[in-house]
Amino acid sequence: MGFVEITGREQVLIRQQRLGHFLTILLIVLGLLYSLNLRTGVVSSTVPYTDLQAGISVNYPANWLLDTSGDYVFRVRDMSRTGFKTTLQVTLRPVGPDMTERNVLDSLNITRPISLSTYDIQSVEQIMLTSETPATLMRYTYVDTETNPFLESFPIVVAGEDILTLSGGQAIIITFRADARTFDQDRAIFLQFLRTLEF
Amino acid sequence: MNKLQNDKARRGILVHTPKIIIFLLFIMMTVISPVFAQTTTIPELDLDRIRRATVYVMQTRTVGGVPIITCVGSGTLIDRSGLIVTNAHNTVTNSACAGDSIVISLSILPDEPPVPSYYAEVAQSNIGQDLALLRISRELNGRVVNTDALALPFVELGDSSNVNLDQTITIVGYPDVGNSSVQTLTGTVSSFIAEPIGGDRSWMKTDTPIPGTMTGGGVYNQQGQLIGIPTTVPVRPLGADETCLLLADTNGDGLVNNRDSCVPVGGFINTIRPSNFIRPLQRGATLGITLQRITQPLVQLETGGDPAVSRLFIAPAEIDGMPTTVSGSMPTGTNSLYLFFDYRNMTPDTIYELRVTIDDRPSPTFSLAPVRWSGGQNGLWYIGSRGQVYPNGIYRFTLYINGLASGSREIIIGTPQQNTPSFSNIAFGIEDGENLYGRNNILPTGIVVNARFIYRNIPEGAAWSEIWYYGDTIIRRNDATWTNDERDTRILRVEAPGGSPLPSGRYRLELYLDGLLGATSDFVVAGAREGAFPRVFSNLRFTSADSLQVAVNNPSVQTFSTTTREIYGLFDWEFVAPGTLWRAVWSVDNIPFFDQTLPWDNIETGQNFAMLLSSNDRIPDGTYRLQLFIGPALLSSFEAKVGIGQLAIDPFAQATGVQMNGYVLDAETRVGIPNVSVIIISEDYSVEDFEWRADQIYTMGTTDRNGRFQLERPLQLKLPYSVIIVADGYLTVSADGVEVDNETENPLEVVIVMTKD
């Protein structure tokens, strides 16, 4: 039995071809890196917000819905979330000379259960803000329900954090709320937000 | 820059109709959604919205830990935050409806019975007019409702003064005790009924029988505006029957029987309270302010006794609440008729009813179903109509008080035109030479009061009488024989003995001809004379202070700062007899928010009668006015501006337009995507201009677990909105130039399909 060996002639790439391949791969890699960078930029890009009257300036995530019409200085929400809309909020409350952070927290904790379903405090601890300002951090959860009775929606468990500090005769309450399932993931946004907050 | 602006190519579109211009731009992996081409011409009456805005109202009482229904009715949402208009008799606690909570049920699905959804509280009420405004306050689990976050379907109030006879109306409400879906009836306006409280349009009547449980519901014109409230008060029967239903074991004996309280539902009704009566209540409820009377009563007025009516008579017309003359018969073609009567010991809880028969056959057109009493405690009242022809016949008018016949009067209509002897048009005044001074039967204190009246066809030698009353006491009586002179008017006089001024208070003159009442009219003596008119209330002013003591010494203020929380209304008064009916009307931007007629319960002359307008937050900007009346006469008025002097415009007050609902689906699975935000950008901005600011948004909606959404506000016609729908993991959908017009189907159902990123 004989074998017939069929062999092709070895194709030798010329230098220009190798360079071409290399440049193509390099271009793809650079494109991917650029895309990633662009996406990261879009995702992590921020918008400055300043309220001279309240004496607050901060950067908040781009494409979050800004609302200043409520009983807060400002509130931004991520409307693209298909659950609870992740929320960052800054509220000011006047305080008396003898009022402590704890008093303000107590007030919040008395009034919130009236409107927030199954409001539950998880923890309260003292922290230092990046500006070396002492503050109180409170973690809590509640259940958010749809307000439109004509729709059928499941309740959503929301986790929240309030950072409270007293300054200049007022309490500054910085609030972060997110769907409990994505809370840890979204908390990076809150920390970034906190780093830019000045009051 | 938002995602969309970064990637215009990803824009897509959701829906179109022939007259809706929506661009279908799905570039790059966005699937074009199925669209509904609608060519139907929509009716002006948005019945879907009206049905959803109609609520079932249950007043409940807790017995042994279990809530039981005490009274029921229908109601209508008149703003997005849960303000409901309904009747007072079945919501405001009273002896017949002694509940302590109000449960609001909504029509979640159009063809199914209502579903209990909220608790409500009474925000404003007028017991006599039988109107109440309820405010949704709590969820059924007791949690407080954030009313600012509510976006409930609601209807707009129409102007009931524009309603015409024979106009087609739509009546909406619940036909039984919560077992059926909301019901719609069609009818026409068959007549109007006049009373002193609202003039010729105090009531509307319809030819359509309305179930008793639809009391408090809505009556709509063809534009879908609320023009009236079907209203009746069930007269509580002695036991349960078809007008009073046994629903629960209210006495806790384990049995449901005649020993238990029944729920009054009444019989069929055809009486409608016009919507213009609601406006003061609505304004009061939305302002968030409180009005207190600070000056307390110093005179104890006589109260008690059974309510009663007397001295029933018929007049062909009224002027300022007084009969022009007294008629025993009327000619063919009569189209104006008023039944006058005196009333005593009436309260807002009193139920009165007028039954009219023509030749012994009941006449629903001219009868008035049992309703709450809206006059004061004692006085002269009328009920009648103008502008509709009374067929010939023998009419019997019978008044029922709390279900019992209390007085009746008969009159023949259809007699030939005759030159019947008559007295008419009595006018009073303080004598000053040839002139009579006074204002709308309000006369300043003086020594002599003159009465001028017209007479016609009185035969020489006829026996006639004049009788003057002060309160219920005859102060002058003159029986004489008639002698004609050259004029057709005559003047009568009355004066206090000894040349002293006539005491202030209520007076009456009756003129009799051959022993029959021919004309009568009342007048009030009050105030000092100032020129030709009485000065009853003076030094009316507004001021702001921390206390009444400070307020009375502060100067009058006509412009208050926008942070004002308290405004005192102060005035002095002269010669006002206790028991004299006076009226205070507070309004803002020309719309009253407080209007009350009360008997004067203070000393005759004094200073600094005080009322306090206050708010926990701040009194809203606006032009506030206080007006003081006796009878129809405006005697004093003062107004002041707060802030810019004009109420802020509520951008959410408009209920008309096209309601957009729909689904957001996953392009691949065709399953609804939950919790997606559908954002409608205001017509002033395009998607390109949208900077993700809440004040740029016209309305929004969020999908439920099935992917269904309802926009919170209806789209206005022919405005170019922009739409943006964003969801994590999906390509953004957006469009500019979304318009609806009057040919767009309402509600507009759309399907939006989103493709995974």
# chains A, B, ... in the order shown; residues from 1 in each chain; ligands from 1
>>> residues_around(residues="segment 50-53 of chain A", least_positions_apart="3", cutoff="9 Å", atoms="only C-alpha atoms", output="short mmCIF file (atom, residue, chain, number, x, y, z; two decimals) with N, CA and C atoms, in the first residue's frame")
data_model
loop_
_atom_site.label_atom_id
_atom_site.label_comp_id
_atom_site.auth_asym_id
_atom_site.auth_seq_id
_atom_site.Cartn_x
_atom_site.Cartn_y
_atom_site.Cartn_z
N ILE A 56 -24.18 74.14 48.86
CA ILE A 56 -23.81 72.75 48.57
C ILE A 56 -23.36 72.64 47.12
N SER A 57 -22.27 71.92 46.90
CA SER A 57 -21.89 71.58 45.53
C SER A 57 -21.48 70.11 45.50
N VAL A 58 -21.79 69.46 44.39
CA VAL A 58 -21.55 68.02 44.29
C VAL A 58 -21.57 67.62 42.82
N ASN A 59 -20.95 66.52 42.51
CA ASN A 59 -21.07 65.93 41.17
C ASN A 59 -21.95 64.69 41.26
N VAL A 73 -32.98 69.49 49.12
CA VAL A 73 -32.21 70.45 48.31
C VAL A 73 -32.13 69.95 46.87
N PHE A 74 -31.78 68.70 46.75
CA PHE A 74 -31.85 68.10 45.42
C PHE A 74 -31.92 66.58 45.55
#
>>> residues_around(residues="Val449 of chain B", least_positions_apart="6", cutoff="8 Å", atoms="only C-alpha atoms", output="ChimeraX atom specification")
/B:428-431,493-495
>>> write_last_selection(atoms="N, CA and C atoms", output="tab-separated table (two decimals), in the first residue's frame")
chain	number	residue	atom	x	y	z
B	428	PHE	N	-88.86	99.15	51.29
B	428	PHE	CA	-88.75	99.84	52.58
B	428	PHE	C	-87.66	100.90	52.52
B	429	GLY	N	-87.79	101.88	53.36
B	429	GLY	CA	-86.73	102.87	53.44
B	429	GLY	C	-86.94	103.76	54.65
B	430	ILE	N	-85.84	104.37	55.03
B	430	ILE	CA	-85.93	105.40	56.06
B	430	ILE	C	-86.44	106.66	55.38
B	431	GLU	N	-87.43	107.26	55.96
B	431	GLU	CA	-88.06	108.40	55.33
B	431	GLU	C	-87.14	109.61	55.40
B	493	ARG	N	-96.35	103.86	57.03
B	493	ARG	CA	-95.29	104.25	57.97
B	493	ARG	C	-95.40	103.47	59.27
B	494	VAL	N	-94.25	103.27	59.87
B	494	VAL	CA	-94.25	102.73	61.22
B	494	VAL	C	-93.16	103.45	61.99
B	495	GLU	N	-93.44	103.74	63.23
B	495	GLU	CA	-92.44	104.41	64.05
B	495	GLU	C	-92.53	103.91	65.47
>>> residues_around(residues="Asp98 of chain A", least_positions_apart="3", cutoff="12 Å", atoms="only C-alpha atoms", output="list of chain:residue names")
A:Pro94, A:Val95, A:Glu101, A:Arg102, A:Asn103, A:Val104, A:Leu166, A:Gly169, A:Gln170
>>> write_last_selection(atoms="all heavy atoms", output="PDB file, in the first residue's frame")
ATOM      1  N   PRO A  94     -33.357  72.645  59.646  1.00  0.00           N
ATOM      2  CA  PRO A  94     -32.855  73.523  60.700  1.00  0.00           C
ATOM      3  C   PRO A  94     -32.827  72.782  62.036  1.00  0.00           C
ATOM      4  O   PRO A  94     -33.718  71.974  62.322  1.00  0.00           O
ATOM      5  CB  PRO A  94     -33.870  74.673  60.721  1.00  0.00           C
ATOM      6  CG  PRO A  94     -35.101  74.110  60.098  1.00  0.00           C
ATOM      7  CD  PRO A  94     -34.668  73.049  59.141  1.00  0.00           C
ATOM      8  N   VAL A  95     -31.823  73.049  62.829  1.00  0.00           N
ATOM      9  CA  VAL A  95     -31.738  72.402  64.153  1.00  0.00           C
ATOM     10  C   VAL A  95     -31.497  73.466  65.217  1.00  0.00           C
ATOM     11  O   VAL A  95     -30.874  74.500  64.954  1.00  0.00           O
ATOM     12  CB  VAL A  95     -30.611  71.350  64.208  1.00  0.00           C
ATOM     13  CG1 VAL A  95     -30.903  70.175  63.308  1.00  0.00           C
ATOM     14  CG2 VAL A  95     -29.267  71.964  63.844  1.00  0.00           C
ATOM     15  N   GLU A 101     -27.103  65.056  66.556  1.00  0.00           N
ATOM     16  CA  GLU A 101     -27.359  64.205  65.390  1.00  0.00           C
ATOM     17  C   GLU A 101     -28.353  63.098  65.748  1.00  0.00           C
ATOM     18  O   GLU A 101     -29.215  62.716  64.966  1.00  0.00           O
ATOM     19  CB  GLU A 101     -26.048  63.596  64.905  1.00  0.00           C
ATOM     20  CG  GLU A 101     -25.145  64.606  64.238  1.00  0.00           C
ATOM     21  CD  GLU A 101     -23.792  64.008  63.893  1.00  0.00           C
ATOM     22  OE1 GLU A 101     -23.628  62.795  64.048  1.00  0.00           O
ATOM     23  OE2 GLU A 101     -22.906  64.773  63.475  1.00  0.00           O
ATOM     24  N   ARG A 102     -28.200  62.614  66.961  1.00  0.00           N
ATOM     25  CA  ARG A 102     -29.074  61.524  67.397  1.00  0.00           C
ATOM     26  C   ARG A 102     -30.530  61.995  67.446  1.00  0.00           C
ATOM     27  O   ARG A 102     -31.446  61.264  67.079  1.00  0.00           O
ATOM     28  CB  ARG A 102     -28.633  61.050  68.787  1.00  0.00           C
ATOM     29  CG  ARG A 102     -29.227  59.744  69.185  1.00  0.00           C
ATOM     30  CD  ARG A 102     -28.545  58.612  68.444  1.00  0.00           C
ATOM     31  NE  ARG A 102     -29.345  57.420  68.482  1.00  0.00           N
ATOM     32  CZ  ARG A 102     -28.894  56.231  68.144  1.00  0.00           C
ATOM     33  NH1 ARG A 102     -27.674  56.070  67.708  1.00  0.00           N
ATOM     34  NH2 ARG A 102     -29.682  55.179  68.206  1.00  0.00           N
ATOM     35  N   ASN A 103     -30.720  63.254  67.893  1.00  0.00           N
ATOM     36  CA  ASN A 103     -32.081  63.791  67.943  1.00  0.00           C
ATOM     37  C   ASN A 103     -32.700  63.845  66.540  1.00  0.00           C
ATOM     38  O   ASN A 103     -33.878  63.524  66.343  1.00  0.00           O
ATOM     39  CB  ASN A 103     -32.085  65.214  68.529  1.00  0.00           C
ATOM     40  CG  ASN A 103     -31.615  65.252  69.962  1.00  0.00           C
ATOM     41  OD1 ASN A 103     -30.989  66.208  70.390  1.00  0.00           O
ATOM     42  ND2 ASN A 103     -31.903  64.192  70.722  1.00  0.00           N
ATOM     43  N   VAL A 104     -31.874  64.251  65.570  1.00  0.00           N
ATOM     44  CA  VAL A 104     -32.379  64.333  64.200  1.00  0.00           C
ATOM     45  C   VAL A 104     -32.720  62.942  63.684  1.00  0.00           C
ATOM     46  O   VAL A 104     -33.774  62.727  63.046  1.00  0.00           O
ATOM     47  CB  VAL A 104     -31.339  65.013  63.279  1.00  0.00           C
ATOM     48  CG1 VAL A 104     -31.861  65.088  61.847  1.00  0.00           C
ATOM     49  CG2 VAL A 104     -31.008  66.407  63.786  1.00  0.00           C
ATOM     50  N   LEU A 166     -24.163  67.727  61.395  1.00  0.00           N
ATOM     51  CA  LEU A 166     -24.663  69.051  61.737  1.00  0.00           C
ATOM     52  C   LEU A 166     -23.625  70.087  61.343  1.00  0.00           C
ATOM     53  O   LEU A 166     -22.434  69.916  61.612  1.00  0.00           O
ATOM     54  CB  LEU A 166     -24.952  69.160  63.236  1.00  0.00           C
ATOM     55  CG  LEU A 166     -25.942  68.143  63.811  1.00  0.00           C
ATOM     56  CD1 LEU A 166     -26.184  68.443  65.291  1.00  0.00           C
ATOM     57  CD2 LEU A 166     -27.253  68.153  63.046  1.00  0.00           C
ATOM     58  N   GLY A 169     -25.874  75.340  62.054  1.00  0.00           N
ATOM     59  CA  GLY A 169     -27.260  75.431  62.517  1.00  0.00           C
ATOM     60  C   GLY A 169     -28.235  74.628  61.709  1.00  0.00           C
ATOM     61  O   GLY A 169     -29.455  74.851  61.770  1.00  0.00           O
ATOM     62  N   GLN A 170     -27.736  73.711  60.912  1.00  0.00           N
ATOM     63  CA  GLN A 170     -28.649  72.845  60.165  1.00  0.00           C
ATOM     64  C   GLN A 170     -28.099  71.430  60.078  1.00  0.00           C
ATOM     65  O   GLN A 170     -26.889  71.214  60.167  1.00  0.00           O
ATOM     66  CB  GLN A 170     -28.940  73.410  58.785  1.00  0.00           C
ATOM     67  CG  GLN A 170     -27.713  73.642  57.934  1.00  0.00           C
ATOM     68  CD  GLN A 170     -28.049  74.387  56.648  1.00  0.00           C
ATOM     69  OE1 GLN A 170     -29.182  74.780  56.433  1.00  0.00           O
ATOM     70  NE2 GLN A 170     -27.073  74.566  55.795  1.00  0.00           N
TER      71      GLN A 170
END
>>> closest_atom_pairs(of="chain B", to="chain A", cutoff="8 Å", atoms="only C-alpha atoms", output="Markdown table")
| residue | atom | partner | partner_atom | distance |
| --- | --- | --- | --- | --- |
| B:Met1 | CA | A:Ala62 | CA | 7.3 |
| B:Asn2 | CA | A:Asn63 | CA | 5.2 |
| B:Lys3 | CA | A:Asn63 | CA | 7.2 |
| B:Ile108 | CA | A:Phe150 | CA | 5.2 |
| B:Leu109 | CA | A:Phe150 | CA | 7.8 |
| B:Ser117 | CA | A:Pro149 | CA | 7.5 |
| B:Arg143 | CA | A:Ile114 | CA | 5.5 |
| B:Val144 | CA | A:Ser115 | CA | 5.0 |
| B:Val145 | CA | A:Ser115 | CA | 6.5 |
| B:Asn146 | CA | A:Ser115 | CA | 7.0 |
| B:Ala149 | CA | A:Thr147 | CA | 7.0 |
| B:Leu150 | CA | A:Thr147 | CA | 6.0 |
| B:Ala151 | CA | A:Asn148 | CA | 6.8 |
| B:Leu152 | CA | A:Asn148 | CA | 6.9 |
| B:Ile673 | CA | A:Thr82 | CA | 7.9 |
| B:Pro674 | CA | A:Thr82 | CA | 6.3 |
| B:Asn675 | CA | A:Thr82 | CA | 4.6 |
| B:Val676 | CA | A:Thr82 | CA | 5.4 |
| B:Ser677 | CA | A:Met79 | CA | 6.3 |
| B:Glu691 | CA | A:Asn63 | CA | 7.7 |
| B:Trp692 | CA | A:Leu65 | CA | 4.7 |
| B:Arg693 | CA | A:Leu66 | CA | 4.7 |
| B:Ala694 | CA | A:Asp67 | CA | 5.0 |
| B:Asp695 | CA | A:Asp67 | CA | 7.3 |
| B:Thr703 | CA | A:Leu151 | CA | 7.9 |
| B:Asp704 | CA | A:Ser153 | CA | 4.7 |
| B:Arg705 | CA | A:Ser153 | CA | 5.0 |
| B:Asn706 | CA | A:Glu152 | CA | 7.3 |
| B:Arg708 | CA | A:Leu151 | CA | 7.2 |
| B:Phe709 | CA | A:Leu151 | CA | 7.3 |
| B:Val726 | CA | A:Ser80 | CA | 4.9 |
| B:Ala727 | CA | A:Ser80 | CA | 4.2 |
| B:Asp728 | CA | A:Ser80 | CA | 5.2 |
>>> write_last_selection(atoms="N, CA, C and O atoms", output="short mmCIF file (atom, residue, chain, number, x, y, z; two decimals), in the first residue's frame")
data_model
loop_
_atom_site.label_atom_id
_atom_site.label_comp_id
_atom_site.auth_asym_id
_atom_site.auth_seq_id
_atom_site.Cartn_x
_atom_site.Cartn_y
_atom_site.Cartn_z
N MET B 1 -24.22 65.10 28.58
CA MET B 1 -24.77 64.36 27.41
C MET B 1 -25.40 63.07 27.89
O MET B 1 -24.82 62.31 28.63
N ASN B 2 -26.58 62.79 27.46
CA ASN B 2 -27.22 61.56 27.85
C ASN B 2 -26.92 60.47 26.83
O ASN B 2 -26.36 60.72 25.77
N LYS B 3 -27.35 59.28 27.20
CA LYS B 3 -27.07 58.16 26.33
C LYS B 3 -27.60 58.40 24.93
O LYS B 3 -26.99 58.09 23.92
N ILE B 108 -60.74 49.30 39.74
CA ILE B 108 -59.44 48.90 39.19
C ILE B 108 -59.64 48.31 37.79
O ILE B 108 -58.91 48.62 36.87
N LEU B 109 -60.66 47.47 37.65
CA LEU B 109 -61.00 46.92 36.34
C LEU B 109 -62.39 47.43 35.97
O LEU B 109 -63.29 47.47 36.81
N SER B 117 -59.42 50.52 48.55
CA SER B 117 -58.03 50.88 48.29
C SER B 117 -57.43 51.82 49.32
O SER B 117 -56.23 51.75 49.60
N ARG B 143 -50.88 52.89 56.64
CA ARG B 143 -49.74 53.74 56.32
C ARG B 143 -50.21 55.02 55.65
O ARG B 143 -51.12 55.02 54.85
N VAL B 144 -49.55 56.11 56.02
CA VAL B 144 -49.93 57.40 55.46
C VAL B 144 -49.59 57.46 53.98
O VAL B 144 -48.51 57.01 53.57
N VAL B 145 -50.52 57.98 53.20
CA VAL B 145 -50.29 58.09 51.76
C VAL B 145 -49.58 59.41 51.47
O VAL B 145 -49.98 60.46 51.98
N ASN B 146 -48.53 59.32 50.69
CA ASN B 146 -47.88 60.54 50.21
C ASN B 146 -48.70 61.06 49.04
O ASN B 146 -48.55 60.61 47.91
N ALA B 149 -47.32 62.07 45.70
CA ALA B 149 -46.85 61.03 44.78
C ALA B 149 -48.00 60.35 44.05
O ALA B 149 -47.76 59.56 43.14
N LEU B 150 -49.23 60.63 44.46
CA LEU B 150 -50.36 59.99 43.79
C LEU B 150 -50.59 60.63 42.42
O LEU B 150 -50.33 61.83 42.24
N ALA B 151 -51.05 59.84 41.51
CA ALA B 151 -51.41 60.37 40.18
C ALA B 151 -52.70 59.67 39.76
O ALA B 151 -52.76 58.98 38.76
N LEU B 152 -53.74 59.87 40.56
CA LEU B 152 -55.00 59.18 40.32
C LEU B 152 -55.77 59.86 39.18
O LEU B 152 -55.64 61.07 38.97
N ILE B 673 -41.72 44.21 30.30
CA ILE B 673 -40.54 44.52 31.12
C ILE B 673 -41.02 45.37 32.31
O ILE B 673 -41.60 46.44 32.11
N PRO B 674 -40.80 44.90 33.53
CA PRO B 674 -41.28 45.66 34.69
C PRO B 674 -40.38 46.84 35.03
O PRO B 674 -39.19 46.84 34.71
N ASN B 675 -40.99 47.82 35.67
CA ASN B 675 -40.26 48.97 36.25
C ASN B 675 -39.47 49.79 35.24
O ASN B 675 -38.40 50.30 35.55
N VAL B 676 -40.00 49.89 34.05
CA VAL B 676 -39.37 50.75 33.04
C VAL B 676 -40.05 52.12 33.08
O VAL B 676 -41.27 52.22 33.19
N SER B 677 -39.24 53.16 32.99
CA SER B 677 -39.79 54.51 33.01
C SER B 677 -40.09 54.99 31.60
O SER B 677 -39.21 54.97 30.74
N GLU B 691 -32.14 67.57 29.38
CA GLU B 691 -30.95 67.52 30.24
C GLU B 691 -31.19 66.70 31.50
O GLU B 691 -30.52 66.87 32.50
N TRP B 692 -32.19 65.86 31.47
CA TRP B 692 -32.53 65.00 32.60
C TRP B 692 -32.84 65.82 33.85
O TRP B 692 -32.38 65.54 34.94
N ARG B 693 -33.66 66.85 33.61
CA ARG B 693 -34.16 67.64 34.73
C ARG B 693 -35.66 67.39 34.86
O ARG B 693 -36.39 67.36 33.87
N ALA B 694 -36.12 67.24 36.09
CA ALA B 694 -37.53 66.90 36.32
C ALA B 694 -38.46 67.99 35.80
O ALA B 694 -39.57 67.71 35.35
N ASP B 695 -37.99 69.25 35.84
CA ASP B 695 -38.87 70.32 35.37
C ASP B 695 -39.01 70.35 33.86
O ASP B 695 -39.78 71.13 33.32
N THR B 703 -43.74 51.00 34.34
CA THR B 703 -44.44 49.75 34.03
C THR B 703 -44.58 48.88 35.28
O THR B 703 -43.73 48.90 36.18
N ASP B 704 -45.67 48.11 35.30
CA ASP B 704 -45.88 47.17 36.40
C ASP B 704 -45.25 45.82 36.04
O ASP B 704 -44.50 45.71 35.07
N ARG B 705 -45.60 44.80 36.79
CA ARG B 705 -44.95 43.50 36.57
C ARG B 705 -45.30 42.90 35.22
O ARG B 705 -44.63 42.00 34.73
N ASN B 706 -46.37 43.38 34.59
CA ASN B 706 -46.74 42.89 33.27
C ASN B 706 -46.20 43.78 32.16
O ASN B 706 -46.51 43.58 30.99
N ARG B 708 -47.07 46.90 31.94
CA ARG B 708 -48.11 47.87 31.61
C ARG B 708 -47.82 49.20 32.32
O ARG B 708 -47.39 49.23 33.48
N PHE B 709 -48.08 50.28 31.61
CA PHE B 709 -47.91 51.60 32.21
C PHE B 709 -49.13 52.47 31.92
O PHE B 709 -49.90 52.22 31.00
N VAL B 726 -36.09 54.48 28.89
CA VAL B 726 -34.77 53.93 29.21
C VAL B 726 -34.93 52.74 30.16
O VAL B 726 -35.78 52.75 31.04
N ALA B 727 -34.12 51.75 29.95
CA ALA B 727 -34.11 50.59 30.84
C ALA B 727 -32.74 49.94 30.76
O ALA B 727 -32.20 49.75 29.66
N ASP B 728 -32.20 49.64 31.91
CA ASP B 728 -30.90 48.98 31.97
C ASP B 728 -30.91 47.70 31.15
O ASP B 728 -31.83 46.88 31.28
#
>>> select_by_dssp(residues="segment 28-205 of chain B", states="helix (DSSP H, G or I)", output="JSON list (two decimals) with C-alpha atoms, in the first residue's frame")
[["chain", "number", "residue", "atom", "x", "y", "z"],
["B", 47, "LEU", "CA", -65.99, 57.74, 29.82],
["B", 48, "ASP", "CA", -63.02, 55.54, 30.62],
["B", 49, "ARG", "CA", -61.40, 58.28, 32.63],
["B", 50, "ILE", "CA", -64.69, 59.25, 34.28],
["B", 51, "ARG", "CA", -65.34, 55.66, 35.34],
["B", 52, "ARG", "CA", -61.86, 55.33, 36.82],
["B", 53, "ALA", "CA", -62.30, 58.63, 38.63],
["B", 147, "THR", "CA", -50.54, 62.42, 48.30],
["B", 148, "ASP", "CA", -47.92, 64.33, 46.31],
["B", 149, "ALA", "CA", -46.85, 61.03, 44.78],
["B", 160, "SER", "CA", -72.92, 74.49, 36.12],
["B", 161, "SER", "CA", -74.29, 77.94, 35.32],
["B", 162, "ASN", "CA", -73.87, 77.07, 31.63]]
>>> closest_residue(among="A:Leu164, A:Leu129, A:Ile110, A:Val157", to="Arg195 of chain A", atoms="only C-alpha atoms")
A:Leu129
>>> atom_distance(atom1="atom CA of Pro714 of chain B", atom2="atom CA of Val658 of chain B")
5.0 Å
>>> residues_around(residues="segment 169-184 of chain B", least_positions_apart="4", cutoff="10 Å", atoms="only C-alpha atoms", output="ChimeraX atom specification")
/B:45,47,50-58,69,71-76,105-116,163,188-189,206,208,210-222,224,226-230,245,247,263,265,272
>>> residues_around(residues="Gly499 of chain B", least_positions_apart="6", cutoff="10 Å", atoms="only C-alpha atoms", output="list in words")
Gly446, Ile447 and Val448 of chain B
>>> closest_residue(among="A:Gln122, A:Thr136, A:Gln17, A:Thr196", to="Ile173 of chain A", atoms="only C-alpha atoms")
A:Thr136
>>> select_by_dssp(residues="segment 544-585 of chain B", states="strand (DSSP E or B)", output="list in words")
Thr559, Phe560, Glu566, Ile567, Tyr568, Gly569, Leu570, Phe571, Asp572, Trp573, Leu581, Trp582, Arg583, Ala584 and Val585 of chain B
